[in-house]
Amino acid sequence: MQRNSRIKLIVSVLAIIICFAAFIRPLAMSVKQGLDLQGGTHVVLQAQDTPDAKVDDDALNRSISIIERRVNELGLTEPVIQRQGKDRIIVELPGVKDPEQAIAMLGRTAMLEFKDMNGNTVLTGKDLKDSKASVDQAGRPVVTLQFNEEGKKKFGELTAANVGNQIAILLDGEVLTAPRVSEPITGGSAQITGSRDAKEAEHLAILLRSGSLPVKLEIVENRTVGPTLGQDSKDKSIKAFAIGLSGVFLFMLVFYRLSGLVADIVLLLYTLLLLGCMKGLNATLTLPGIAGIILSIGMAVDANVLIFERFKEEIRTGKTLRASINSGFSRAFVTILDSNVTTLMAAAVLFYLGTGPVRGFAVTLALGVLMSMFTAITVTKFILNALVGSQFTKNPFLYGAGHSEKKEEAAK
């Protein structure tokens with residue numbers, strides 16, 4: 001029994017320490033980072049009524065979907081696109097390299113029109129099937145359009161009726177090109193020329209492919225966080241995290257000795273599990289999120305403090321170490337559950353009512369609470385029982401339960 005307990009103790013402690021040393025850095029670096037940590041652009045778009053369309057829930061939701069497609073096709077990593085209130089959309093583009101060009105694409109309505117020589121609109125973006133950036137025979141960047149069946153018919157009729165004349169292709173009311181028709185085009189495809197380079201042609205193709213916005217969007221806020229500022233915030237956050245973790249470690253060692261050492265080792269596992277959950281849920285780590293992690297570390301230790309104080313009370317009644325541990329965990333469980341449930345409720349309210357960084361704080365706080373309950377109630381108990389079973393020491397003082405007993409004996 002004693003030998004088995006020692007094996008469990010050594011294996012579990014070494015496994016936690018080795019896993020922490022091996023995986024903490026790659027895991028922390030793999031969690032996606034928010035705008036405030038890696039720099040980027042924060043844009044707020046205001047939806048406005050037009051004579052053709054009014055702002056409502058359906059129009060705003062469709063606008064969000066179109067913006068998501070545009071941003072995703074730009075190849076930007078980990079964008080955040082969410083609704084704010086009744087008529088606003090928040091777009092965060094972490095790590096964006098060309099913010100001006102990206103922002104210019106967000107609010108464009110992308111209304112494509114083909115007009116005949118009399119100015120009549122014959123085709124629109126609704127008649128498009130696909131659009132791709134390519135180059136023509138002279139090596140110039142062009143956007144190749146592929147029409148659907150209805151658009152193919154309309155475009156054939158348009159070109160047949162305007163042989164020898166120009167037709168205008170407009171985007172958001174601006175003429176992109178006005179080619180002269182030499183013969184009817186019935187194949188269902190066309191090319192837009194006039195792009196300055198391949199990148200501009202690709203962006204135009206993305207706009208047309210993603211579709212036109214149902215309402216007009218105006219940029220009312222544009223805030224850019226430089227990569228240097230983001231890196232500085234990240235460095236300070238790591239420093240704060242290290243200081244907070246070291247302070248907690250020292251506190252537990254001083255006040256609870258071997259029990260505190262067990263809690264500190266389990267805290268390493270807790271940190272790994274928390275980051276692993278964030279990675280698995282694809283959560284975004286922000287500055288408030290880091291604050292939530294640091295706060296949840298304190299709450300994780302708080303659960304251990306409750307357990308260890310109960311443990312000390314049981315020792316004072318004359319129970320054995322193992323009986324005191326089991327009784328301490330049982331008596332502290334209800335208190336830990338009550339406090340953590342109320343915290344989870346607060347996190348749920350913050351997530352439901354908050355936006356952006358506030359939601360990030362709520363997510364990390366809730367995950368931290370769940371992980372702290374799991375590690376404190378299961379892993380800490382397992383290792384403490386293995387420690388007691390190994391009979392490394394039977395002195396209650398080394399488990400943080402010595403001062404009160406000595407004072408009581410002196411008083412007698």
# chains A, B, ... in the order shown; residues from 1 in each chain; ligands from 1
>>> closest_atom_pairs(of="range 118-208 of chain A", to="range 111-114 of chain A", cutoff="8 Å", atoms="only C-alpha atoms", output="tab-separated table")
residue	atom	partner	partner_atom	distance
A:Thr121	CA	A:Phe114	CA	5.7
A:Val122	CA	A:Phe114	CA	5.8
A:Leu123	CA	A:Phe114	CA	5.0
A:Thr124	CA	A:Glu113	CA	4.5
A:Gly125	CA	A:Leu112	CA	4.8
A:Ile167	CA	A:Phe114	CA	6.9
A:Ala168	CA	A:Phe114	CA	5.8
A:Ile169	CA	A:Phe114	CA	4.7
A:Leu170	CA	A:Glu113	CA	5.1
A:Leu171	CA	A:Leu112	CA	4.7
A:Asp172	CA	A:Met111	CA	4.9
A:Gly173	CA	A:Met111	CA	7.6
A:Leu208	CA	A:Leu112	CA	7.4
>>> residues_around(residues="Thr335 in chain A", least_positions_apart="3", cutoff="12 Å", atoms="only C-alpha atoms", output="PyMOL selection string")
chain A and resi 302-307+310+328-332+338-342+373
>>> select_by_dssp(residues="range 205-391 of chain A", states="helix (DSSP H, G or I)", output="ChimeraX atom specification")
/A:205-210,227-280,287-316,321-353,357-389
>>> write_last_selection(atoms="C-alpha atoms", output="compact mmCIF listing (two decimals), in the first residue's frame")
# COMPACT_ATOMS: atom_id res chain seq x y z
CA ALA A 205 -13.27 39.92 -57.44
CA ILE A 206 -13.84 39.30 -53.72
CA LEU A 207 -16.30 42.20 -53.50
CA LEU A 208 -18.30 40.95 -56.44
CA ARG A 209 -18.16 37.31 -55.36
CA SER A 210 -19.35 38.07 -51.80
CA PRO A 227 2.19 45.68 -33.59
CA THR A 228 4.76 47.34 -31.31
CA LEU A 229 2.06 48.47 -28.88
CA GLY A 230 0.47 45.02 -29.04
CA GLN A 231 3.79 43.35 -28.27
CA ASP A 232 4.36 45.73 -25.36
CA SER A 233 0.93 44.84 -23.96
CA LYS A 234 1.71 41.14 -24.39
CA ASP A 235 5.07 41.47 -22.60
CA LYS A 236 3.50 43.32 -19.66
CA SER A 237 0.71 40.74 -19.45
CA ILE A 238 3.22 37.88 -19.33
CA LYS A 239 5.13 39.72 -16.59
CA ALA A 240 1.93 40.29 -14.59
CA PHE A 241 0.97 36.64 -15.02
CA ALA A 242 4.40 35.47 -13.81
CA ILE A 243 4.32 37.79 -10.78
CA GLY A 244 0.78 36.75 -9.85
CA LEU A 245 1.57 33.05 -10.20
CA SER A 246 4.78 33.38 -8.16
CA GLY A 247 2.94 35.25 -5.42
CA VAL A 248 0.29 32.55 -5.21
CA PHE A 249 2.94 29.81 -5.14
CA LEU A 250 4.82 31.50 -2.30
CA PHE A 251 1.66 32.13 -0.28
CA MET A 252 0.58 28.50 -0.47
CA LEU A 253 4.05 27.23 0.50
CA VAL A 254 4.37 29.53 3.50
CA PHE A 255 0.91 28.90 4.95
CA TYR A 256 0.21 25.29 4.00
CA ARG A 257 3.67 23.74 3.45
CA LEU A 258 3.33 20.26 1.86
CA SER A 259 -0.36 20.79 1.17
CA GLY A 260 0.53 24.11 -0.42
CA LEU A 261 3.23 22.45 -2.52
CA VAL A 262 0.65 19.97 -3.81
CA ALA A 263 -1.69 22.86 -4.62
CA ASP A 264 1.11 24.65 -6.50
CA ILE A 265 1.89 21.57 -8.57
CA VAL A 266 -1.79 21.11 -9.39
CA LEU A 267 -1.91 24.79 -10.34
CA LEU A 268 0.53 24.01 -13.17
CA LEU A 269 -1.90 21.40 -14.46
CA TYR A 270 -4.76 23.87 -14.08
CA THR A 271 -2.94 26.40 -16.28
CA LEU A 272 -2.31 23.79 -18.96
CA LEU A 273 -5.93 22.63 -18.94
CA LEU A 274 -7.20 26.21 -19.13
CA LEU A 275 -5.05 27.06 -22.15
CA GLY A 276 -5.96 23.73 -23.74
CA CYS A 277 -9.67 24.47 -23.39
CA MET A 278 -9.20 27.92 -24.91
CA LYS A 279 -7.34 26.37 -27.82
CA GLY A 280 -10.00 23.69 -28.26
CA LEU A 287 -5.85 41.71 -22.32
CA PRO A 288 -9.09 41.44 -20.29
CA GLY A 289 -8.93 37.70 -20.97
CA ILE A 290 -5.49 37.52 -19.37
CA ALA A 291 -6.92 39.43 -16.41
CA GLY A 292 -9.63 36.77 -16.23
CA ILE A 293 -6.99 34.02 -16.19
CA ILE A 294 -5.05 35.72 -13.38
CA LEU A 295 -8.26 36.20 -11.41
CA SER A 296 -9.27 32.57 -11.95
CA ILE A 297 -5.86 31.44 -10.63
CA GLY A 298 -6.63 33.24 -7.41
CA MET A 299 -10.03 31.58 -7.33
CA ALA A 300 -8.44 28.17 -7.97
CA VAL A 301 -6.23 28.68 -4.93
CA ASP A 302 -9.24 29.93 -2.97
CA ALA A 303 -10.84 26.49 -3.38
CA ASN A 304 -7.68 24.88 -2.02
CA VAL A 305 -7.61 27.29 0.91
CA LEU A 306 -11.16 26.30 1.87
CA ILE A 307 -10.26 22.62 1.64
CA PHE A 308 -7.04 22.97 3.63
CA GLU A 309 -8.71 24.98 6.40
CA ARG A 310 -11.36 22.28 6.73
CA PHE A 311 -8.53 19.74 6.72
CA LYS A 312 -6.85 21.54 9.64
CA GLU A 313 -10.12 21.63 11.58
CA GLU A 314 -10.52 17.87 11.16
CA ILE A 315 -6.97 17.26 12.41
CA ARG A 316 -7.73 19.30 15.53
CA LEU A 321 -4.38 12.55 8.19
CA ARG A 322 -6.23 10.46 5.59
CA ALA A 323 -9.57 10.80 7.38
CA SER A 324 -8.99 14.53 7.80
CA ILE A 325 -8.26 14.93 4.09
CA ASN A 326 -11.39 13.07 2.97
CA SER A 327 -13.57 14.85 5.51
CA GLY A 328 -12.05 18.24 4.65
CA PHE A 329 -12.80 17.80 0.95
CA SER A 330 -16.36 16.65 1.66
CA ARG A 331 -17.15 19.54 4.01
CA ALA A 332 -15.63 22.19 1.71
CA PHE A 333 -17.34 20.95 -1.44
CA VAL A 334 -20.69 22.68 -0.88
CA THR A 335 -19.04 26.02 -0.12
CA ILE A 336 -16.80 25.75 -3.19
CA LEU A 337 -19.76 24.80 -5.40
CA ASP A 338 -21.89 27.72 -4.18
CA SER A 339 -19.16 30.33 -4.70
CA ASN A 340 -18.23 29.01 -8.14
CA VAL A 341 -21.83 28.79 -9.36
CA THR A 342 -22.41 32.45 -8.51
CA THR A 343 -19.20 33.37 -10.35
CA LEU A 344 -20.33 31.37 -13.39
CA MET A 345 -23.65 33.22 -13.34
CA ALA A 346 -21.82 36.56 -13.32
CA ALA A 347 -19.60 35.37 -16.20
CA ALA A 348 -22.70 34.32 -18.17
CA VAL A 349 -24.27 37.76 -17.73
CA LEU A 350 -21.04 39.46 -18.85
CA PHE A 351 -20.83 37.23 -21.92
CA TYR A 352 -24.48 37.76 -22.87
CA LEU A 353 -24.53 41.53 -22.40
CA PRO A 357 -12.94 42.21 -24.71
CA VAL A 358 -15.68 41.91 -22.07
CA ARG A 359 -16.75 38.61 -23.60
CA GLY A 360 -13.13 37.48 -23.65
CA PHE A 361 -12.89 38.18 -19.93
CA ALA A 362 -16.12 36.27 -19.30
CA VAL A 363 -14.96 33.23 -21.28
CA THR A 364 -11.59 32.93 -19.54
CA LEU A 365 -13.19 33.50 -16.14
CA ALA A 366 -15.82 30.80 -16.70
CA LEU A 367 -13.29 28.31 -18.04
CA GLY A 368 -11.00 29.09 -15.10
CA VAL A 369 -13.77 28.44 -12.59
CA LEU A 370 -14.65 25.08 -14.17
CA MET A 371 -11.00 24.00 -14.37
CA SER A 372 -10.34 25.11 -10.78
CA MET A 373 -13.23 23.03 -9.48
CA PHE A 374 -12.00 19.98 -11.38
CA THR A 375 -8.36 20.25 -10.32
CA ALA A 376 -9.06 21.20 -6.70
CA ILE A 377 -11.66 18.52 -6.03
CA THR A 378 -10.12 15.62 -7.96
CA VAL A 379 -6.40 16.06 -8.72
CA THR A 380 -5.42 17.78 -5.46
CA LYS A 381 -7.29 15.16 -3.44
CA PHE A 382 -5.64 12.31 -5.39
CA ILE A 383 -2.10 13.63 -4.87
CA LEU A 384 -2.67 14.46 -1.18
CA ASN A 385 -3.99 10.96 -0.52
CA ALA A 386 -0.95 9.52 -2.31
CA LEU A 387 1.31 11.75 -0.21
CA VAL A 388 -0.30 10.64 3.05
CA GLY A 389 -0.34 7.00 1.93
>>> closest_residue(among="A:Lys199, A:Lys154, A:Lys132, A:Lys8", to="Pro184 in chain A", atoms="only C-alpha atoms")
A:Lys154
>>> atom_distance(atom1="CA of Phe147 in chain A", atom2="CA of Ala59 in chain A")
24.8 Å
>>> residues_around(residues="Glu68 in chain A", least_positions_apart="2", cutoff="10 Å", atoms="only C-alpha atoms", output="number ranges by chain")
A: 62-66, 70-74, 79-82, 91, 106, 210
>>> write_last_selection(atoms="C-alpha atoms", output="short mmCIF file (atom, residue, chain, number, x, y, z; two decimals), in the first residue's frame")
data_model
loop_
_atom_site.label_atom_id
_atom_site.label_comp_id
_atom_site.auth_asym_id
_atom_site.auth_seq_id
_atom_site.Cartn_x
_atom_site.Cartn_y
_atom_site.Cartn_z
CA ARG A 62 -27.14 39.71 -44.03
CA SER A 63 -24.59 42.53 -43.94
CA ILE A 64 -22.63 40.68 -41.23
CA SER A 65 -22.61 37.51 -43.34
CA ILE A 66 -21.34 39.38 -46.39
CA ARG A 70 -15.18 39.37 -47.57
CA VAL A 71 -12.85 39.31 -44.58
CA ASN A 72 -12.34 35.54 -44.76
CA GLU A 73 -11.48 35.70 -48.45
CA LEU A 74 -8.89 38.38 -47.69
CA PRO A 79 -11.18 38.26 -37.40
CA VAL A 80 -13.91 39.24 -34.95
CA ILE A 81 -17.18 40.39 -36.53
CA GLN A 82 -20.19 41.00 -34.31
CA VAL A 91 -15.08 44.42 -37.03
CA LEU A 106 -15.78 46.48 -45.55
CA SER A 210 -19.35 38.07 -51.80
#
>>> select_by_dssp(residues="range 46-160 of chain A", states="strand (DSSP E or B)", output="ChimeraX atom specification")
/A:46-48,80-84,88-94,112-115,121-124,128-135,141-147
>>> residues_around(residues="Ala190 in chain A", least_positions_apart="5", cutoff="9 Å", atoms="only C-alpha atoms", output="mmCIF file with all heavy atoms, in the first residue's frame")
data_model
loop_
_atom_site.group_PDB
_atom_site.id
_atom_site.type_symbol
_atom_site.label_atom_id
_atom_site.label_comp_id
_atom_site.auth_asym_id
_atom_site.auth_seq_id
_atom_site.Cartn_x
_atom_site.Cartn_y
_atom_site.Cartn_z
ATOM 1 N N VAL A 143 -10.597 41.113 -64.099
ATOM 2 C CA VAL A 143 -11.544 40.333 -63.302
ATOM 3 C C VAL A 143 -12.475 39.623 -64.270
ATOM 4 O O VAL A 143 -13.176 40.272 -65.061
ATOM 5 C CB VAL A 143 -12.345 41.216 -62.328
ATOM 6 C CG1 VAL A 143 -13.380 40.381 -61.578
ATOM 7 C CG2 VAL A 143 -11.420 41.912 -61.344
ATOM 8 N N THR A 144 -12.448 38.308 -64.236
ATOM 9 C CA THR A 144 -13.296 37.507 -65.120
ATOM 10 C C THR A 144 -14.627 37.221 -64.435
ATOM 11 O O THR A 144 -14.660 36.727 -63.311
ATOM 12 C CB THR A 144 -12.610 36.182 -65.476
ATOM 13 O OG1 THR A 144 -11.349 36.466 -66.100
ATOM 14 C CG2 THR A 144 -13.472 35.377 -66.430
ATOM 15 N N LEU A 145 -15.707 37.551 -65.126
ATOM 16 C CA LEU A 145 -17.060 37.354 -64.594
ATOM 17 C C LEU A 145 -17.729 36.169 -65.274
ATOM 18 O O LEU A 145 -17.610 35.989 -66.492
ATOM 19 C CB LEU A 145 -17.909 38.605 -64.829
ATOM 20 C CG LEU A 145 -17.344 39.935 -64.321
ATOM 21 C CD1 LEU A 145 -18.314 41.061 -64.666
ATOM 22 C CD2 LEU A 145 -17.100 39.887 -62.828
ATOM 23 N N GLN A 146 -18.426 35.389 -64.480
ATOM 24 C CA GLN A 146 -19.208 34.277 -65.010
ATOM 25 C C GLN A 146 -20.662 34.488 -64.599
ATOM 26 O O GLN A 146 -20.971 34.577 -63.414
ATOM 27 C CB GLN A 146 -18.692 32.945 -64.453
ATOM 28 C CG GLN A 146 -19.305 31.715 -65.086
ATOM 29 C CD GLN A 146 -18.832 31.495 -66.517
ATOM 30 O OE1 GLN A 146 -17.678 31.748 -66.824
ATOM 31 N NE2 GLN A 146 -19.729 31.039 -67.385
ATOM 32 N N PHE A 147 -21.558 34.593 -65.565
ATOM 33 C CA PHE A 147 -22.958 34.872 -65.281
ATOM 34 C C PHE A 147 -23.748 33.579 -65.070
ATOM 35 O O PHE A 147 -23.395 32.520 -65.601
ATOM 36 C CB PHE A 147 -23.593 35.671 -66.422
ATOM 37 C CG PHE A 147 -22.973 37.016 -66.647
ATOM 38 C CD1 PHE A 147 -22.128 37.243 -67.725
ATOM 39 C CD2 PHE A 147 -23.213 38.061 -65.768
ATOM 40 C CE1 PHE A 147 -21.551 38.481 -67.930
ATOM 41 C CE2 PHE A 147 -22.643 39.303 -65.962
ATOM 42 C CZ PHE A 147 -21.802 39.517 -67.041
ATOM 43 N N PHE A 155 -26.889 39.281 -70.757
ATOM 44 C CA PHE A 155 -25.631 39.821 -71.282
ATOM 45 C C PHE A 155 -25.544 39.604 -72.787
ATOM 46 O O PHE A 155 -25.048 40.473 -73.526
ATOM 47 C CB PHE A 155 -24.446 39.154 -70.575
ATOM 48 C CG PHE A 155 -23.129 39.825 -70.861
ATOM 49 C CD1 PHE A 155 -22.877 41.119 -70.461
ATOM 50 C CD2 PHE A 155 -22.136 39.135 -71.556
ATOM 51 C CE1 PHE A 155 -21.668 41.733 -70.738
ATOM 52 C CE2 PHE A 155 -20.921 39.736 -71.826
ATOM 53 C CZ PHE A 155 -20.682 41.043 -71.416
ATOM 54 N N ILE A 185 -21.766 38.679 -77.317
ATOM 55 C CA ILE A 185 -21.080 37.732 -76.444
ATOM 56 C C ILE A 185 -22.143 36.863 -75.797
ATOM 57 O O ILE A 185 -22.927 37.317 -74.958
ATOM 58 C CB ILE A 185 -20.257 38.464 -75.361
ATOM 59 C CG1 ILE A 185 -19.240 39.403 -76.037
ATOM 60 C CG2 ILE A 185 -19.546 37.469 -74.448
ATOM 61 C CD1 ILE A 185 -18.485 40.270 -75.057
#
>>> atom_distance(atom1="CA of Ile67 in chain A", atom2="CA of Glu92 in chain A")
11.5 Å
>>> residues_around(residues="Ala104 in chain A", least_positions_apart="2", cutoff="12 Å", atoms="only C-alpha atoms", output="list in words")
Val43, Leu45, Ile67, Arg70, Val71, Asp98, Pro99, Glu100, Gln101, Ala102, Leu106, Gly107, Arg108, Thr109, Ala110, Glu200, His203, Leu204, Leu207, Leu217, Glu218, Ile219 and Asn222 of chain A
>>> closest_residue(among="A:Asn148, A:Gly354, A:Asp58, A:Lys394", to="Gln84 in chain A", atoms="only C-alpha atoms")
A:Gly354
>>> closest_residue(among="A:Val11, A:Leu158, A:Val96, A:Val163", to="Thr186 in chain A", atoms="only C-alpha atoms")
A:Leu158
>>> closest_residue(among="A:Ile24, A:Val142, A:Val225, A:Ala47", to="Lys86 in chain A", atoms="only C-alpha atoms")
A:Ala47
